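**Q** Mind having a look at this structure? Questions to follow.
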Amino acid sequence: MVKIVFTKLVPSKQLAAVNLCGILFAPKGGSITQTILHHEAIHTRQMKEMCYVFFYLWYFAEWLIRLFGKGSAYRRISFEREAYRHEHDKQYLKNRKPYDWVRYL
């Protein structure tokens, strides 16, 4: 079960939630769908694999690199590609192999 904190610090128009070390921070008055929960659960698994700090370092480095390509840098980050691709597959985390996000580089 994931912990969800509703706060005014998360801008509701830009973000559905922010995942910090497996804790979801969501806009106060907002709602968290099953799809968002599953998407963030995939990120939490990625974070654990990379001992949290390396996840954030890699995420930021990849985002910087992707800024120089076409399209949204955020949507082309390998972690995001994996999470968006499988956010509707409820069995994905049961069958997912460690470091599967590498396939999306």
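Scheme for the structure tokens: letters A, B, ... for chains in order shown; per-chain residue numbers from 1; ligand numbers from 1 in order shown.
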Quick one: everything within 6 Å of Ala73 (chain A), counting only C-alpha atoms, minus sequence neighbours fewer than 6 positions away in the same chain. Send it as number ranges by chain.

**A** A: 63, 66-67

**Q** Would you list the contacts of region 93-98 of chain A as a VMD selection string, taking every protein, DNA or RNA residue within 9 Å and counting only C-alpha atoms, but skipping same-chain residues closer than 6 positions in sequence?

**A** chain A and resid 38 41 to 42 45 to 46 49 86

**Q** Could you take the residues named above and write them with all heavy atoms, as a PDB file, in the first residue's frame?

**A**
ATOM      1  N   HIS A  38      -0.954   2.925 -10.121  1.00  0.00           N
ATOM      2  CA  HIS A  38      -0.153   1.892 -10.770  1.00  0.00           C
ATOM      3  C   HIS A  38       1.091   2.500 -11.436  1.00  0.00           C
ATOM      4  O   HIS A  38       2.186   1.947 -11.329  1.00  0.00           O
ATOM      5  CB  HIS A  38      -0.992   1.119 -11.780  1.00  0.00           C
ATOM      6  CG  HIS A  38      -0.354  -0.168 -12.188  1.00  0.00           C
ATOM      7  ND1 HIS A  38      -0.228  -1.227 -11.333  1.00  0.00           N
ATOM      8  CD2 HIS A  38       0.237  -0.535 -13.337  1.00  0.00           C
ATOM      9  CE1 HIS A  38       0.408  -2.200 -11.952  1.00  0.00           C
ATOM     10  NE2 HIS A  38       0.693  -1.812 -13.167  1.00  0.00           N
ATOM     11  N   ALA A  41       3.468   3.211  -8.743  1.00  0.00           N
ATOM     12  CA  ALA A  41       4.021   1.965  -8.189  1.00  0.00           C
ATOM     13  C   ALA A  41       5.171   1.465  -9.055  1.00  0.00           C
ATOM     14  O   ALA A  41       6.167   0.943  -8.543  1.00  0.00           O
ATOM     15  CB  ALA A  41       2.928   0.909  -8.075  1.00  0.00           C
ATOM     16  N   ILE A  42       5.060   1.641 -10.364  1.00  0.00           N
ATOM     17  CA  ILE A  42       6.157   1.268 -11.269  1.00  0.00           C
ATOM     18  C   ILE A  42       7.374   2.138 -10.965  1.00  0.00           C
ATOM     19  O   ILE A  42       8.502   1.645 -10.869  1.00  0.00           O
ATOM     20  CB  ILE A  42       5.720   1.384 -12.741  1.00  0.00           C
ATOM     21  CG1 ILE A  42       4.639   0.344 -13.056  1.00  0.00           C
ATOM     22  CG2 ILE A  42       6.920   1.229 -13.685  1.00  0.00           C
ATOM     23  CD1 ILE A  42       3.932   0.532 -14.380  1.00  0.00           C
ATOM     24  N   ARG A  45       9.089   0.979  -7.803  1.00  0.00           N
ATOM     25  CA  ARG A  45       9.929  -0.201  -8.056  1.00  0.00           C
ATOM     26  C   ARG A  45      11.256   0.216  -8.698  1.00  0.00           C
ATOM     27  O   ARG A  45      12.326  -0.275  -8.346  1.00  0.00           O
ATOM     28  CB  ARG A  45       9.180  -1.180  -8.952  1.00  0.00           C
ATOM     29  CG  ARG A  45       9.944  -2.450  -9.289  1.00  0.00           C
ATOM     30  CD  ARG A  45      10.015  -3.440  -8.133  1.00  0.00           C
ATOM     31  NE  ARG A  45       8.704  -3.834  -7.658  1.00  0.00           N
ATOM     32  CZ  ARG A  45       7.984  -4.834  -8.164  1.00  0.00           C
ATOM     33  NH1 ARG A  45       8.447  -5.544  -9.159  1.00  0.00           N
ATOM     34  NH2 ARG A  45       6.801  -5.102  -7.657  1.00  0.00           N
ATOM     35  N   GLN A  46      11.192   1.127  -9.659  1.00  0.00           N
ATOM     36  CA  GLN A  46      12.407   1.641 -10.305  1.00  0.00           C
ATOM     37  C   GLN A  46      13.324   2.294  -9.276  1.00  0.00           C
ATOM     38  O   GLN A  46      14.544   2.087  -9.298  1.00  0.00           O
ATOM     39  CB  GLN A  46      12.042   2.659 -11.391  1.00  0.00           C
ATOM     40  CG  GLN A  46      11.274   2.097 -12.553  1.00  0.00           C
ATOM     41  CD  GLN A  46      10.595   3.171 -13.388  1.00  0.00           C
ATOM     42  OE1 GLN A  46      10.388   4.297 -12.951  1.00  0.00           O
ATOM     43  NE2 GLN A  46      10.223   2.810 -14.612  1.00  0.00           N
ATOM     44  N   GLU A  49      15.111  -0.278  -7.100  1.00  0.00           N
ATOM     45  CA  GLU A  49      16.179  -0.947  -7.853  1.00  0.00           C
ATOM     46  C   GLU A  49      17.450  -0.112  -7.882  1.00  0.00           C
ATOM     47  O   GLU A  49      18.545  -0.645  -7.906  1.00  0.00           O
ATOM     48  CB  GLU A  49      15.742  -1.172  -9.302  1.00  0.00           C
ATOM     49  CG  GLU A  49      14.707  -2.211  -9.484  1.00  0.00           C
ATOM     50  CD  GLU A  49      14.175  -2.258 -10.908  1.00  0.00           C
ATOM     51  OE1 GLU A  49      14.404  -1.330 -11.704  1.00  0.00           O
ATOM     52  OE2 GLU A  49      13.503  -3.250 -11.209  1.00  0.00           O
ATOM     53  N   HIS A  86       2.891   0.660 -19.248  1.00  0.00           N
ATOM     54  CA  HIS A  86       2.321  -0.444 -18.472  1.00  0.00           C
ATOM     55  C   HIS A  86       1.387  -0.005 -17.343  1.00  0.00           C
ATOM     56  O   HIS A  86       0.983  -0.839 -16.529  1.00  0.00           O
ATOM     57  CB  HIS A  86       3.452  -1.296 -17.890  1.00  0.00           C
ATOM     58  CG  HIS A  86       4.325  -1.890 -18.946  1.00  0.00           C
ATOM     59  ND1 HIS A  86       3.938  -2.962 -19.713  1.00  0.00           N
ATOM     60  CD2 HIS A  86       5.553  -1.516 -19.394  1.00  0.00           C
ATOM     61  CE1 HIS A  86       4.901  -3.242 -20.583  1.00  0.00           C
ATOM     62  NE2 HIS A  86       5.880  -2.388 -20.407  1.00  0.00           N
TER      63      HIS A  86
END

**Q** So, with only C-alpha atoms as the atoms that count, which of A:Ala61, A:Val10, A:Leu20, A:Ile4 lies closest to Lys48 (chain A)?

**A**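 Residue with the minimum atom-to-atom distance to Lys48 (chain A): A:Leu20.
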
**Q** Give me the residues near Tyr84 (chain A) as a short mmCIF file (atom, residue, chain, number, x, y, z; two decimals) with N, CA and C atoms, in the first residue's frame, where near means some atom within 12 Å (using only C-alpha atoms) and where sequence neighbours in that chain fewer than 4 positions away do not count.

**A**
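Result file part.cif:
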data_model
loop_
_atom_site.label_atom_id
_atom_site.label_comp_id
_atom_site.auth_asym_id
_atom_site.auth_seq_id
_atom_site.Cartn_x
_atom_site.Cartn_y
_atom_site.Cartn_z
N THR A 35 -5.06 4.21 -12.14
CA THR A 35 -4.02 4.33 -13.16
C THR A 35 -2.82 5.11 -12.62
N ILE A 36 -3.08 6.20 -11.93
CA ILE A 36 -1.99 6.98 -11.34
C ILE A 36 -1.27 6.15 -10.28
N LEU A 37 -2.02 5.45 -9.45
CA LEU A 37 -1.39 4.60 -8.43
C LEU A 37 -0.49 3.55 -9.05
N HIS A 38 -0.95 2.93 -10.12
CA HIS A 38 -0.15 1.89 -10.77
C HIS A 38 1.09 2.50 -11.44
N HIS A 39 0.92 3.63 -12.10
CA HIS A 39 2.04 4.34 -12.73
C HIS A 39 3.11 4.64 -11.67
N GLU A 40 2.67 5.17 -10.54
CA GLU A 40 3.62 5.53 -9.48
C GLU A 40 4.21 4.30 -8.80
N ALA A 41 3.47 3.21 -8.74
CA ALA A 41 4.02 1.97 -8.19
C ALA A 41 5.17 1.47 -9.06
N ILE A 42 5.06 1.64 -10.36
CA ILE A 42 6.16 1.27 -11.27
C ILE A 42 7.37 2.14 -10.97
N HIS A 43 7.15 3.44 -10.78
CA HIS A 43 8.27 4.32 -10.41
C HIS A 43 8.90 3.92 -9.07
N TYR A 74 10.17 15.04 -20.85
CA TYR A 74 9.57 14.22 -19.78
C TYR A 74 9.01 12.91 -20.32
N ARG A 75 8.27 12.96 -21.40
CA ARG A 75 7.63 11.76 -21.95
C ARG A 75 8.64 10.80 -22.57
N ARG A 76 9.86 11.27 -22.87
CA ARG A 76 10.86 10.40 -23.49
C ARG A 76 11.86 9.83 -22.49
N ILE A 77 11.73 10.17 -21.21
CA ILE A 77 12.58 9.57 -20.17
C ILE A 77 12.23 8.09 -20.07
N SER A 78 13.23 7.25 -20.00
CA SER A 78 13.00 5.80 -20.00
C SER A 78 12.10 5.35 -18.85
N PHE A 79 12.24 5.92 -17.68
CA PHE A 79 11.39 5.56 -16.55
C PHE A 79 9.92 5.88 -16.85
N GLU A 80 9.69 7.03 -17.46
CA GLU A 80 8.33 7.44 -17.80
C GLU A 80 7.75 6.58 -18.92
N HIS A 88 -1.67 0.52 -17.20
CA HIS A 88 -3.00 -0.13 -17.21
C HIS A 88 -2.91 -1.64 -17.02
N ASP A 89 -1.71 -2.19 -16.98
CA ASP A 89 -1.50 -3.63 -16.84
C ASP A 89 -1.31 -3.97 -15.36
N TYR A 92 1.60 -6.26 -14.42
CA TYR A 92 2.95 -5.90 -14.87
C TYR A 92 4.00 -6.03 -13.76
N TRP A 101 13.28 -0.94 -17.22
CA TRP A 101 13.25 0.40 -17.80
C TRP A 101 14.38 0.61 -18.81
N TYR A 104 13.76 0.90 -22.52
CA TYR A 104 13.13 2.11 -23.04
C TYR A 104 14.11 3.26 -23.25
#

**Q** Please, which residues of chain A, numbered as in this document, come out helix (DSSP H, G or I) from DSSP, as a PyMOL selection string?

**A** chain A and resi 34-49+53-66+73-76+78-86+92-95+100-104

**Q** Print the selection's residues with C-alpha atoms to a file, as a PDB file, in the first residue's frame.

**A**
ATOM      1  CA  GLN A  34      -5.962   3.502  -9.998  1.00  0.00           C
ATOM      2  CA  THR A  35      -4.017   4.333 -13.160  1.00  0.00           C
ATOM      3  CA  ILE A  36      -1.991   6.985 -11.335  1.00  0.00           C
ATOM      4  CA  LEU A  37      -1.391   4.596  -8.425  1.00  0.00           C
ATOM      5  CA  HIS A  38      -0.153   1.892 -10.770  1.00  0.00           C
ATOM      6  CA  HIS A  39       2.042   4.336 -12.732  1.00  0.00           C
ATOM      7  CA  GLU A  40       3.619   5.532  -9.485  1.00  0.00           C
ATOM      8  CA  ALA A  41       4.021   1.965  -8.189  1.00  0.00           C
ATOM      9  CA  ILE A  42       6.157   1.268 -11.269  1.00  0.00           C
ATOM     10  CA  HIS A  43       8.273   4.324 -10.411  1.00  0.00           C
ATOM     11  CA  THR A  44       8.603   3.149  -6.818  1.00  0.00           C
ATOM     12  CA  ARG A  45       9.929  -0.201  -8.056  1.00  0.00           C
ATOM     13  CA  GLN A  46      12.407   1.641 -10.305  1.00  0.00           C
ATOM     14  CA  MET A  47      13.517   3.760  -7.349  1.00  0.00           C
ATOM     15  CA  LYS A  48      14.102   0.731  -5.137  1.00  0.00           C
ATOM     16  CA  GLU A  49      16.179  -0.947  -7.853  1.00  0.00           C
ATOM     17  CA  VAL A  53      19.280   8.471  -5.064  1.00  0.00           C
ATOM     18  CA  PHE A  54      20.589   6.969  -8.305  1.00  0.00           C
ATOM     19  CA  PHE A  55      17.048   6.944  -9.702  1.00  0.00           C
ATOM     20  CA  TYR A  56      16.757  10.701  -9.205  1.00  0.00           C
ATOM     21  CA  LEU A  57      20.250  11.366 -10.557  1.00  0.00           C
ATOM     22  CA  TRP A  58      19.581   9.254 -13.672  1.00  0.00           C
ATOM     23  CA  TYR A  59      16.107  10.767 -14.115  1.00  0.00           C
ATOM     24  CA  PHE A  60      17.464  14.314 -14.041  1.00  0.00           C
ATOM     25  CA  ALA A  61      20.434  13.508 -16.315  1.00  0.00           C
ATOM     26  CA  GLU A  62      18.198  11.773 -18.846  1.00  0.00           C
ATOM     27  CA  TRP A  63      15.717  14.662 -18.747  1.00  0.00           C
ATOM     28  CA  LEU A  64      18.558  17.124 -19.493  1.00  0.00           C
ATOM     29  CA  ILE A  65      19.750  15.043 -22.434  1.00  0.00           C
ATOM     30  CA  ARG A  66      16.200  14.653 -23.780  1.00  0.00           C
ATOM     31  CA  ALA A  73      11.692  15.545 -22.654  1.00  0.00           C
ATOM     32  CA  TYR A  74       9.571  14.225 -19.777  1.00  0.00           C
ATOM     33  CA  ARG A  75       7.633  11.755 -21.955  1.00  0.00           C
ATOM     34  CA  ARG A  76      10.865  10.402 -23.492  1.00  0.00           C
ATOM     35  CA  SER A  78      13.002   5.801 -19.997  1.00  0.00           C
ATOM     36  CA  PHE A  79      11.387   5.557 -16.551  1.00  0.00           C
ATOM     37  CA  GLU A  80       8.327   7.436 -17.799  1.00  0.00           C
ATOM     38  CA  ARG A  81       8.114   5.422 -21.005  1.00  0.00           C
ATOM     39  CA  GLU A  82       8.019   2.180 -19.039  1.00  0.00           C
ATOM     40  CA  ALA A  83       5.459   3.531 -16.533  1.00  0.00           C
ATOM     41  CA  TYR A  84       3.133   4.978 -19.187  1.00  0.00           C
ATOM     42  CA  ARG A  85       3.414   1.838 -21.331  1.00  0.00           C
ATOM     43  CA  HIS A  86       2.321  -0.444 -18.472  1.00  0.00           C
ATOM     44  CA  TYR A  92       2.954  -5.896 -14.870  1.00  0.00           C
ATOM     45  CA  LEU A  93       4.766  -5.553 -11.552  1.00  0.00           C
ATOM     46  CA  LYS A  94       4.280  -9.259 -10.816  1.00  0.00           C
ATOM     47  CA  ASN A  95       5.959 -10.223 -14.096  1.00  0.00           C
ATOM     48  CA  ASP A 100      13.208  -3.383 -17.316  1.00  0.00           C
ATOM     49  CA  TRP A 101      13.251   0.395 -17.796  1.00  0.00           C
ATOM     50  CA  VAL A 102      16.583  -0.036 -19.650  1.00  0.00           C
ATOM     51  CA  ARG A 103      14.616  -1.391 -22.630  1.00  0.00           C
ATOM     52  CA  TYR A 104      13.135   2.108 -23.039  1.00  0.00           C
TER      53      TYR A 104
END

**Q** For Lys28 (chain A), work out the shell of residues within 8 Å, counting only C-alpha atoms and skipping chain neighbours fewer than 4 positions away, then give it as a list of chain:residue names.

**A**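 Here the qualifying residues turn out to be A:Phe6, A:Thr7, A:Lys8, A:Val10, A:Ser12.
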
**Q** Quick one: everything within 12 Å of Gln14 (chain A), counting only C-alpha atoms, minus sequence neighbours fewer than 6 positions away in the same chain. Send it as a list in words.

**A**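 The neighbour list is Ala26, Pro27 and Gly30 of chain A.
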
**Q** Nearest to Cys51 (chain A): which of A:Leu105, A:Pro11, A:Gly22, A:Gly71 is it, counting only C-alpha atoms?

**A**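 With only C-alpha atoms as the atom set, the closest residue is A:Gly22.
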
**Q** Based on the backbone DSSP call, show me all residues of chain A assigned strand (DSSP E or B), as an mmCIF file with N, CA and C atoms, in the first residue's frame.

**A**
data_model
loop_
_atom_site.group_PDB
_atom_site.id
_atom_site.type_symbol
_atom_site.label_atom_id
_atom_site.label_comp_id
_atom_site.auth_asym_id
_atom_site.auth_seq_id
_atom_site.Cartn_x
_atom_site.Cartn_y
_atom_site.Cartn_z
ATOM 1 N N LYS A 3 1.611 5.280 0.543
ATOM 2 C CA LYS A 3 1.152 6.406 1.365
ATOM 3 C C LYS A 3 0.898 7.599 0.450
ATOM 4 N N ILE A 4 -0.248 8.266 0.640
ATOM 5 C CA ILE A 4 -0.611 9.442 -0.154
ATOM 6 C C ILE A 4 -0.780 10.625 0.789
ATOM 7 N N VAL A 5 -0.109 11.720 0.458
ATOM 8 C CA VAL A 5 -0.214 12.945 1.238
ATOM 9 C C VAL A 5 -0.826 14.008 0.330
ATOM 10 N N PHE A 6 -1.960 14.547 0.726
ATOM 11 C CA PHE A 6 -2.596 15.621 -0.030
ATOM 12 C C PHE A 6 -2.102 16.954 0.535
ATOM 13 N N THR A 7 -1.594 17.814 -0.352
ATOM 14 C CA THR A 7 -0.972 19.057 0.081
ATOM 15 C C THR A 7 -1.205 20.178 -0.923
ATOM 16 N N VAL A 18 3.235 13.686 -7.194
ATOM 17 C CA VAL A 18 4.696 13.638 -7.215
ATOM 18 C C VAL A 18 5.097 12.486 -6.308
ATOM 19 N N ASN A 19 5.981 11.622 -6.787
ATOM 20 C CA ASN A 19 6.427 10.458 -6.031
ATOM 21 C C ASN A 19 7.823 10.741 -5.487
ATOM 22 N N LEU A 20 7.919 10.880 -4.179
ATOM 23 C CA LEU A 20 9.215 11.087 -3.536
ATOM 24 C C LEU A 20 9.498 9.906 -2.627
ATOM 25 N N ILE A 23 6.483 7.825 -1.586
ATOM 26 C CA ILE A 23 5.349 8.523 -0.976
ATOM 27 C C ILE A 23 4.772 9.462 -2.020
ATOM 28 N N LEU A 24 3.460 9.351 -2.257
ATOM 29 C CA LEU A 24 2.812 10.208 -3.252
ATOM 30 C C LEU A 24 2.319 11.490 -2.605
ATOM 31 N N PHE A 25 2.686 12.609 -3.216
ATOM 32 C CA PHE A 25 2.190 13.906 -2.798
ATOM 33 C C PHE A 25 1.252 14.375 -3.899
ATOM 34 N N ALA A 26 0.012 14.636 -3.523
ATOM 35 C CA ALA A 26 -1.022 14.990 -4.489
ATOM 36 C C ALA A 26 -1.639 16.333 -4.111
ATOM 37 N N PRO A 27 -2.216 17.020 -5.106
ATOM 38 C CA PRO A 27 -2.854 18.307 -4.809
ATOM 39 C C PRO A 27 -4.009 18.150 -3.822
#

**Q** Mind pulling up the distance from CA of Ala16 (chain A) to CA of Thr33 (chain A)?

**A**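 Taking CA of Thr33 (chain A) and CA of Ala16 (chain A), their separation equals 9.2 Å.
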